[in-house]
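J.: Handing you this structure, nothing more for now.
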Amino acid sequence: MANNSNSFILTLSCADRPGIVHAVTGFLVQHNLNIIDSSQFGDPTSKRFFMRMHFSPAEPDDQNEPSSKKMTAEDLTGAFQPTADSHSMTFSLRPFAQKPRVMIMVSKIGHCLNDLLFRQSTNQLGIEVPLIVSNHPDFAPLAATYNIPFHHLPVTPDTKAEQESKILELVKTHNIDLIVLARYMQVLSPKLCEVMSGRIINIHHSFLPSFKGARPYHQAYDRGVKIVGATAHFVTSDLDEGPIIEQDVVRVNHGMSPKELTIAGSTVESNVLATAVRFVAEGRVLLNGHKTVVFN
C-alpha cells in the first residue's frame with residue numbers, strides 16, 4: 001500500500017516532443033522515487049503533452065537498509081526545475097495529502113452547498129472549507145451546523161465592485177486556493193475572473209453549451225428535451241463559456257413540468273459539482289486552451 005502521507009502529485013504540460021516521459025522518469029529514478037500512478041495525454045490538435053504522476057519515496061529493499069533522505073515538496077520542486085526548463089514545462093508539484101483551501105459561494109438555492117459540506121465532512125472531497133460567502137443570509141444556520149464561518153456580503157449593481165473587493169480580501173486572508181460557486185447567482189466581474197483565473201469552478205444547471213443564461217430548465221421545457229443535465233466549468237469573463245470539467249445528464253419525459261425538471265436536475269448538479277471539485281483537488285484537471293484534460 002502506498003503511504004499517501006508521504007507521496008506527491010506532479011502535473012505538467014509542455015509542447016509534445018520525444019523524451020518527455022524519459023526525462024520525468026529519469027528524474028524519479030535519480031531521486032529514488034517510485035511511481036504509484038501515472039497518466040499522460042498528447043493532444044494532436046494543440047500539440048501539447050499533459051501528465052499527472054503520483055509518486056512516493058521508494059521503500060528500502062531490506063529493513064536494515066537506511067531510508068533515503070526525506071525530501072519536501074519544495075526540495076523536489078527545486079530539483080525538478082532543470083528538467084522542467086529543458087522541456088519548457090509548466091508544472092506543479094505538491095504533497096498528495098495537501099488539501100486545497102476552498103471558499104464556497106452560494107445565493108438562495110442550497111442543494112449543492114449542502115452536498116459539498118456533507119461530502120467534505122465525511123472526507124470524500126479532499127478539501128478544506130474555511131468559510132462560506134453568500135449575498136443572502138439564508139444558509140448561515142447550515143454553515144453553523146458544520147462550524148464553518150459564514151460571511152454575508154450583499155450586493156447590488158452599485159456595490160458590486162466593493163463587494164468583490166471584500167471577496168478578494170477574504171481570499172487573501174484565508175489563503176484560498178479555489179472558489180466554488182455552488183449556485184451563486186451573480187455574474188463575476190472580469191477583474192475577479194482574471195485575479196482567480198483557473199481557480200473558480202461554477203455549476204451550471206444545464207448541459208452546456210445548450211440553454212445558457214437564465215431559466216435553462218424553462219428553456220429545456222419549451223424545447224421538449226428528453227434529457228437534462230449539469231455542467232461544471234472553470235469561470236471566465238465570458239458567461240458560461242469557461243473550460244468544461246465535468247458533465248452528466250438524467251432522462252426526463254414530456255409529462256414533466258419545469259418544476260419536476262428542476263428537481264430531477266438538482267441531484268445531477270450536486271453530483272457533477274462534487275466530482276469536479278474532487279478532480280481539481282486531486283490535481284486531475286489540466287487546462288488545454290479553451291478545454292481541459294481530465295485524468296479521471
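Residue numbers start at 1 in each chain; chains themselves are named A, B, ... in the order of the C-alpha cells; ligands are numbered from 1 in the order shown.
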Which residues come within 7 Å of range 173-185 of chain A, counting only C-alpha atoms, excluding same-chain residues fewer than 6 positions away, as a list in words?

T.: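 Result of the neighbour search: Pro100, Arg101, Val102, Met103, Ile104, Met105, Val106, Ser107, Ile109, Cys112, Leu113, Arg199, Ile200, Ile201, Asn202 and Ile203 of chain A.
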
J.: Show which residues sit within 8 Å of Gly126 in chain A, as a tab-separated table (two decimals) with N, CA and C atoms, in the first residue's frame. Count only C-alpha atoms, and ignore same-chain residues fewer than 5 positions away.

T.:
chain	number	residue	atom	x	y	z
A	99	LYS	N	-4.51	19.49	1.24
A	99	LYS	CA	-5.87	19.74	0.81
A	99	LYS	C	-6.04	21.20	0.37
A	100	PRO	N	-6.55	21.43	-0.83
A	100	PRO	CA	-6.82	22.81	-1.26
A	100	PRO	C	-7.81	23.49	-0.32
A	120	GLN	N	-17.55	16.93	2.26
A	120	GLN	CA	-16.30	17.39	2.87
A	120	GLN	C	-16.19	16.90	4.31
A	278	ARG	N	-13.62	17.38	-6.64
A	278	ARG	CA	-12.69	16.31	-6.27
A	278	ARG	C	-11.59	16.16	-7.31
A	281	ALA	N	-9.21	19.03	-6.87
A	281	ALA	CA	-8.47	18.88	-5.62
A	281	ALA	C	-7.37	17.83	-5.73
A	282	GLU	N	-7.60	16.79	-6.52
A	282	GLU	CA	-6.63	15.72	-6.68
A	282	GLU	C	-5.65	15.97	-7.82

J.: Neighbouring residues of range 14-26 of chain A were defined as those with any atom within 6 Å, considering only C-alpha atoms; residues of the same chain fewer than 5 positions away were excluded. Please report them as an MDAnalysis selection string.

T.: chainID A and resid 47:49 89

J.: Export N, CA, C and O atoms of the chosen residues as a PDB file, in the first residue's frame?

T.:
ATOM      1  N   LYS A  47      -1.000  20.096 -29.991  1.00  0.00           N
ATOM      2  CA  LYS A  47       0.401  19.658 -29.963  1.00  0.00           C
ATOM      3  C   LYS A  47       1.011  19.838 -28.582  1.00  0.00           C
ATOM      4  O   LYS A  47       2.211  20.089 -28.435  1.00  0.00           O
ATOM      5  N   ARG A  48       0.171  19.685 -27.559  1.00  0.00           N
ATOM      6  CA  ARG A  48       0.633  19.798 -26.175  1.00  0.00           C
ATOM      7  C   ARG A  48       0.611  18.424 -25.517  1.00  0.00           C
ATOM      8  O   ARG A  48      -0.218  17.567 -25.853  1.00  0.00           O
ATOM      9  N   PHE A  49       1.515  18.232 -24.573  1.00  0.00           N
ATOM     10  CA  PHE A  49       1.604  16.989 -23.815  1.00  0.00           C
ATOM     11  C   PHE A  49       1.225  17.279 -22.367  1.00  0.00           C
ATOM     12  O   PHE A  49       1.641  18.297 -21.784  1.00  0.00           O
ATOM     13  N   MET A  89       8.459  23.185 -19.549  1.00  0.00           N
ATOM     14  CA  MET A  89       7.242  22.688 -18.910  1.00  0.00           C
ATOM     15  C   MET A  89       6.619  23.722 -17.992  1.00  0.00           C
ATOM     16  O   MET A  89       7.323  24.460 -17.301  1.00  0.00           O
TER      17      MET A  89
END

J.: Please run DSSP on the backbone and report, as number ranges by chain, all residues within range 126-281 of chain A that come out as strand (DSSP E or B).

T.: A: 128-134, 150-152, 178-181, 200-204, 227-234, 244-251

J.: List the neighbours of Phe234 in chain A out to 12 Å using only C-alpha atoms; skip same-chain residues closer than 3 positions along the sequence, and give me the result as an mmCIF file with N, CA, C and O atoms, in the first residue's frame.

T.:
data_model
loop_
_atom_site.group_PDB
_atom_site.id
_atom_site.type_symbol
_atom_site.label_atom_id
_atom_site.label_comp_id
_atom_site.auth_asym_id
_atom_site.auth_seq_id
_atom_site.Cartn_x
_atom_site.Cartn_y
_atom_site.Cartn_z
ATOM 1 N N LEU A 178 -9.053 27.868 -4.128
ATOM 2 C CA LEU A 178 -10.111 27.611 -5.100
ATOM 3 C C LEU A 178 -11.419 28.204 -4.605
ATOM 4 O O LEU A 178 -11.749 28.095 -3.422
ATOM 5 N N ILE A 179 -12.163 28.841 -5.511
ATOM 6 C CA ILE A 179 -13.518 29.306 -5.225
ATOM 7 C C ILE A 179 -14.494 28.387 -5.947
ATOM 8 O O ILE A 179 -14.326 28.100 -7.136
ATOM 9 N N VAL A 180 -15.512 27.918 -5.233
ATOM 10 C CA VAL A 180 -16.545 27.072 -5.831
ATOM 11 C C VAL A 180 -17.876 27.815 -5.758
ATOM 12 O O VAL A 180 -18.336 28.159 -4.662
ATOM 13 N N LEU A 181 -18.473 28.056 -6.906
ATOM 14 C CA LEU A 181 -19.769 28.716 -6.973
ATOM 15 C C LEU A 181 -20.857 27.651 -6.942
ATOM 16 O O LEU A 181 -21.149 27.008 -7.953
ATOM 17 N N CYS A 193 -12.536 37.473 -12.212
ATOM 18 C CA CYS A 193 -12.221 36.304 -13.052
ATOM 19 C C CYS A 193 -10.746 36.270 -13.400
ATOM 20 O O CYS A 193 -10.134 35.193 -13.448
ATOM 21 N N GLU A 194 -10.158 37.433 -13.646
ATOM 22 C CA GLU A 194 -8.738 37.487 -14.011
ATOM 23 C C GLU A 194 -7.847 37.167 -12.816
ATOM 24 O O GLU A 194 -6.897 36.379 -12.930
ATOM 25 N N MET A 196 -8.491 35.402 -10.211
ATOM 26 C CA MET A 196 -8.638 34.000 -9.819
ATOM 27 C C MET A 196 -8.714 33.079 -11.038
ATOM 28 O O MET A 196 -9.319 32.015 -10.974
ATOM 29 N N SER A 197 -8.086 33.463 -12.113
ATOM 30 C CA SER A 197 -8.161 32.683 -13.355
ATOM 31 C C SER A 197 -7.732 31.235 -13.136
ATOM 32 O O SER A 197 -6.679 30.963 -12.559
ATOM 33 N N GLY A 198 -8.570 30.307 -13.596
ATOM 34 C CA GLY A 198 -8.291 28.883 -13.431
ATOM 35 C C GLY A 198 -8.516 28.370 -12.028
ATOM 36 O O GLY A 198 -8.212 27.208 -11.736
ATOM 37 N N ARG A 199 -9.087 29.217 -11.151
ATOM 38 C CA ARG A 199 -9.281 28.821 -9.755
ATOM 39 C C ARG A 199 -10.704 29.084 -9.268
ATOM 40 O O ARG A 199 -10.951 29.201 -8.080
ATOM 41 N N ILE A 200 -11.646 29.196 -10.217
ATOM 42 C CA ILE A 200 -13.062 29.333 -9.864
ATOM 43 C C ILE A 200 -13.841 28.277 -10.642
ATOM 44 O O ILE A 200 -13.752 28.192 -11.863
ATOM 45 N N ILE A 201 -14.604 27.466 -9.914
ATOM 46 C CA ILE A 201 -15.452 26.442 -10.534
ATOM 47 C C ILE A 201 -16.908 26.843 -10.358
ATOM 48 O O ILE A 201 -17.341 27.215 -9.264
ATOM 49 N N ASN A 202 -17.679 26.744 -11.428
ATOM 50 C CA ASN A 202 -19.108 27.035 -11.382
ATOM 51 C C ASN A 202 -19.895 25.791 -11.778
ATOM 52 O O ASN A 202 -19.438 24.977 -12.572
ATOM 53 N N ILE A 203 -21.083 25.654 -11.203
ATOM 54 C CA ILE A 203 -22.013 24.617 -11.661
ATOM 55 C C ILE A 203 -23.121 25.322 -12.434
ATOM 56 O O ILE A 203 -23.776 26.232 -11.921
ATOM 57 N N HIS A 204 -23.298 24.910 -13.683
ATOM 58 C CA HIS A 204 -24.381 25.479 -14.496
ATOM 59 C C HIS A 204 -25.473 24.442 -14.627
ATOM 60 O O HIS A 204 -25.218 23.298 -15.017
ATOM 61 N N THR A 231 -23.391 21.063 -15.863
ATOM 62 C CA THR A 231 -22.028 21.257 -16.345
ATOM 63 C C THR A 231 -21.222 22.009 -15.307
ATOM 64 O O THR A 231 -21.623 23.096 -14.872
ATOM 65 N N SER A 237 -14.418 35.414 -17.951
ATOM 66 C CA SER A 237 -15.235 36.620 -18.100
ATOM 67 C C SER A 237 -16.325 36.452 -19.151
ATOM 68 O O SER A 237 -17.256 37.259 -19.215
ATOM 69 N N ASP A 238 -16.235 35.399 -19.974
ATOM 70 C CA ASP A 238 -17.297 35.087 -20.925
ATOM 71 C C ASP A 238 -18.310 34.174 -20.242
ATOM 72 O O ASP A 238 -17.980 33.040 -19.879
ATOM 73 N N LEU A 239 -19.527 34.644 -20.062
ATOM 74 C CA LEU A 239 -20.526 33.941 -19.276
ATOM 75 C C LEU A 239 -20.764 32.528 -19.803
ATOM 76 O O LEU A 239 -21.097 32.342 -20.978
ATOM 77 N N ASP A 240 -20.589 31.553 -18.911
ATOM 78 C CA ASP A 240 -20.861 30.135 -19.201
ATOM 79 C C ASP A 240 -20.050 29.593 -20.378
ATOM 80 O O ASP A 240 -20.459 28.646 -21.054
ATOM 81 N N GLU A 241 -18.877 30.185 -20.628
ATOM 82 C CA GLU A 241 -18.044 29.749 -21.751
ATOM 83 C C GLU A 241 -16.720 29.148 -21.285
ATOM 84 O O GLU A 241 -15.878 28.804 -22.113
ATOM 85 N N GLY A 242 -16.503 29.007 -19.980
ATOM 86 C CA GLY A 242 -15.223 28.527 -19.470
ATOM 87 C C GLY A 242 -14.989 27.057 -19.758
ATOM 88 O O GLY A 242 -15.927 26.302 -20.050
ATOM 89 N N PRO A 243 -13.740 26.617 -19.664
ATOM 90 C CA PRO A 243 -13.392 25.217 -19.939
ATOM 91 C C PRO A 243 -14.201 24.253 -19.071
ATOM 92 O O PRO A 243 -14.288 24.415 -17.856
ATOM 93 N N ILE A 244 -14.769 23.247 -19.714
ATOM 94 C CA ILE A 244 -15.665 22.294 -19.043
ATOM 95 C C ILE A 244 -14.855 21.223 -18.323
ATOM 96 O O ILE A 244 -13.925 20.647 -18.887
ATOM 97 N N ILE A 245 -15.231 20.938 -17.065
ATOM 98 C CA ILE A 245 -14.551 19.934 -16.241
ATOM 99 C C ILE A 245 -15.326 18.625 -16.204
ATOM 100 O O ILE A 245 -14.775 17.544 -16.380
ATOM 101 N N GLU A 246 -16.630 18.723 -15.960
ATOM 102 C CA GLU A 246 -17.442 17.516 -15.789
ATOM 103 C C GLU A 246 -18.876 17.805 -16.215
ATOM 104 O O GLU A 246 -19.380 18.934 -16.054
ATOM 105 N N LEU A 273 -20.945 18.788 -9.640
ATOM 106 C CA LEU A 273 -20.092 19.764 -8.964
ATOM 107 C C LEU A 273 -19.135 19.073 -8.003
ATOM 108 O O LEU A 273 -17.936 19.394 -7.973
ATOM 109 N N ALA A 276 -16.360 17.424 -9.963
ATOM 110 C CA ALA A 276 -15.415 18.409 -10.485
ATOM 111 C C ALA A 276 -14.488 18.922 -9.391
ATOM 112 O O ALA A 276 -13.274 19.060 -9.601
ATOM 113 N N VAL A 277 -15.047 19.205 -8.227
ATOM 114 C CA VAL A 277 -14.228 19.687 -7.106
ATOM 115 C C VAL A 277 -13.205 18.628 -6.706
ATOM 116 O O VAL A 277 -12.022 18.941 -6.476
ATOM 117 N N VAL A 280 -10.376 18.419 -9.341
ATOM 118 C CA VAL A 280 -9.445 19.545 -9.238
ATOM 119 C C VAL A 280 -8.588 19.413 -7.984
ATOM 120 O O VAL A 280 -7.380 19.640 -8.008
ATOM 121 N N VAL A 285 -7.111 17.776 -13.230
ATOM 122 C CA VAL A 285 -7.624 18.649 -14.285
ATOM 123 C C VAL A 285 -6.528 19.613 -14.726
ATOM 124 O O VAL A 285 -5.998 20.377 -13.927
ATOM 125 N N LEU A 286 -6.193 19.568 -16.005
ATOM 126 C CA LEU A 286 -5.197 20.460 -16.580
ATOM 127 C C LEU A 286 -5.842 21.265 -17.696
ATOM 128 O O LEU A 286 -6.606 20.719 -18.514
ATOM 129 N N LEU A 287 -5.556 22.546 -17.733
ATOM 130 C CA LEU A 287 -6.116 23.407 -18.770
ATOM 131 C C LEU A 287 -5.404 23.180 -20.092
ATOM 132 O O LEU A 287 -4.178 23.083 -20.147
ATOM 133 N N ASN A 288 -6.207 23.130 -21.158
ATOM 134 C CA ASN A 288 -5.697 22.934 -22.513
ATOM 135 C C ASN A 288 -6.387 23.949 -23.412
ATOM 136 O O ASN A 288 -7.308 23.620 -24.152
ATOM 137 N N GLY A 289 -5.963 25.217 -23.308
ATOM 138 C CA GLY A 289 -6.629 26.277 -24.037
ATOM 139 C C GLY A 289 -8.039 26.481 -23.521
ATOM 140 O O GLY A 289 -8.246 26.707 -22.330
ATOM 141 N N HIS A 290 -9.030 26.365 -24.403
ATOM 142 C CA HIS A 290 -10.426 26.522 -24.001
ATOM 143 C C HIS A 290 -11.035 25.214 -23.521
ATOM 144 O O HIS A 290 -12.243 25.158 -23.246
ATOM 145 N N LYS A 291 -10.218 24.179 -23.418
ATOM 146 C CA LYS A 291 -10.697 22.870 -22.973
ATOM 147 C C LYS A 291 -9.904 22.431 -21.750
ATOM 148 O O LYS A 291 -9.031 23.139 -21.262
ATOM 149 N N THR A 292 -10.233 21.233 -21.270
ATOM 150 C CA THR A 292 -9.479 20.648 -20.163
ATOM 151 C C THR A 292 -9.062 19.231 -20.522
ATOM 152 O O THR A 292 -9.694 18.561 -21.332
#

J.: Enumerate the residues of range 210-247 of chain A with a DSSP assignment of helix (DSSP H, G or I), computed from the backbone, and present them as a list in words.

T.: Pro216, Tyr217, His218, Gln219, Ala220, Tyr221, Asp222 and Arg223 of chain A

J.: Quick one: everything within 7 Å of range 141-154 of chain A, counting only C-alpha atoms, minus sequence neighbours fewer than 4 positions away in the same chain. Send it as a list in words.

T.: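 Non-adjacent residues within range: Pro130, Leu131, Ile132, Val133, Ser134, Asn135, His136, Pro137 and Gln163 of chain A.
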
J.: Could you write out that same residue set with N, CA, C and O atoms as a tab-separated table (two decimals), in the first residue's frame?

T.:
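Result file follows (part-v1.tsv):
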chain	number	residue	atom	x	y	z
A	130	PRO	N	-12.66	26.78	4.76
A	130	PRO	CA	-12.51	27.70	5.88
A	130	PRO	C	-13.65	28.70	6.02
A	130	PRO	O	-13.81	29.30	7.09
A	131	LEU	N	-14.42	28.91	4.94
A	131	LEU	CA	-15.51	29.88	5.03
A	131	LEU	C	-16.48	29.69	3.87
A	131	LEU	O	-16.17	29.09	2.85
A	132	ILE	N	-17.69	30.22	4.09
A	132	ILE	CA	-18.75	30.26	3.08
A	132	ILE	C	-19.15	31.72	2.91
A	132	ILE	O	-19.27	32.46	3.89
A	133	VAL	N	-19.33	32.13	1.66
A	133	VAL	CA	-19.71	33.51	1.35
A	133	VAL	C	-21.03	33.50	0.60
A	133	VAL	O	-21.23	32.66	-0.30
A	134	SER	N	-21.93	34.41	0.95
A	134	SER	CA	-23.21	34.48	0.27
A	134	SER	C	-23.69	35.92	0.19
A	134	SER	O	-23.40	36.74	1.07
A	135	ASN	N	-24.44	36.21	-0.87
A	135	ASN	CA	-25.08	37.52	-0.98
A	135	ASN	C	-26.44	37.54	-0.29
A	135	ASN	O	-27.15	38.54	-0.36
A	136	HIS	N	-26.80	36.43	0.35
A	136	HIS	CA	-28.03	36.34	1.14
A	136	HIS	C	-27.72	35.64	2.47
A	136	HIS	O	-26.77	34.85	2.55
A	137	PRO	N	-28.51	35.88	3.51
A	137	PRO	CA	-28.21	35.29	4.83
A	137	PRO	C	-28.79	33.89	5.04
A	137	PRO	O	-28.56	33.28	6.09
A	163	GLN	N	-18.14	44.87	-3.03
A	163	GLN	CA	-18.38	43.51	-2.53
A	163	GLN	C	-17.30	42.55	-3.03
A	163	GLN	O	-16.80	41.71	-2.28

J.: What is the CA of Asn114 in chain A to CA of Val250 in chain A distance in Å?

T.: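 These atoms are spaced 20.6 Å apart.
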
J.: For a test of reading the model, state the distance in Å between CA of Pro258 in chain A and CA of Val272 in chain A, rounded to one decimal.

T.: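 The value is 20.4 Å.
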
J.: In Å, rounded to a single decimal, give me how far CA of Asn6 in chain A is from CA of Pro57 in chain A.

T.: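 These two atoms are separated by 7.6 Å.
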
J.: Counting only C-alpha atoms, which residue out of A:Ala58, A:Ala230, A:Val29, A:Met53 sits closest to Phe295 in chain A?

T.: A:Met53

J.: So that I can see what lies close to Arg284 in chain A, please list as number ranges by chain the residues with an atom at most 9 Å from it, counting only C-alpha atoms and leaving out residues fewer than 6 positions away in the same chain.

T.: A: 11, 52, 278, 293-296

J.: Which polymer residues have any atom within 12 Å of an atom of Phe27 in chain A, counting only C-alpha atoms, with same-chain residues fewer than 6 positions away left out, as a list in words?

T.: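 With the cut-off at 12 Å, the set is Leu10, Ile20, Val21, Leu33, Asn34, Ile35, Phe55, Leu76, Thr77, Gly78, Ala79, Phe80, Gln81, Pro82, Thr83 and Ala84 of chain A.
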
J.: Once you have the residues from the selection above, write them out as a PDB file, in the first residue's frame, restricted to C-alpha atoms.

T.:
ATOM      1  CA  LEU A  10       3.252  16.143 -10.181  1.00  0.00           C
ATOM      2  CA  ILE A  20       9.360  13.871 -22.030  1.00  0.00           C
ATOM      3  CA  VAL A  21       8.380  10.671 -20.209  1.00  0.00           C
ATOM      4  CA  LEU A  33      11.206   7.854  -6.130  1.00  0.00           C
ATOM      5  CA  ASN A  34       8.601   5.253  -7.037  1.00  0.00           C
ATOM      6  CA  ILE A  35       5.580   5.747  -9.351  1.00  0.00           C
ATOM      7  CA  PHE A  55       4.810   9.106  -6.645  1.00  0.00           C
ATOM      8  CA  LEU A  76      11.538  18.232  -5.140  1.00  0.00           C
ATOM      9  CA  THR A  77      10.264  21.330  -6.943  1.00  0.00           C
ATOM     10  CA  GLY A  78      13.731  22.840  -6.914  1.00  0.00           C
ATOM     11  CA  ALA A  79      15.308  19.582  -8.000  1.00  0.00           C
ATOM     12  CA  PHE A  80      12.811  19.130 -10.854  1.00  0.00           C
ATOM     13  CA  GLN A  81      13.186  22.687 -12.181  1.00  0.00           C
ATOM     14  CA  PRO A  82      16.125  21.912 -14.531  1.00  0.00           C
ATOM     15  CA  THR A  83      14.145  19.038 -16.062  1.00  0.00           C
ATOM     16  CA  ALA A  84      11.144  21.329 -16.497  1.00  0.00           C
TER      17      ALA A  84
END
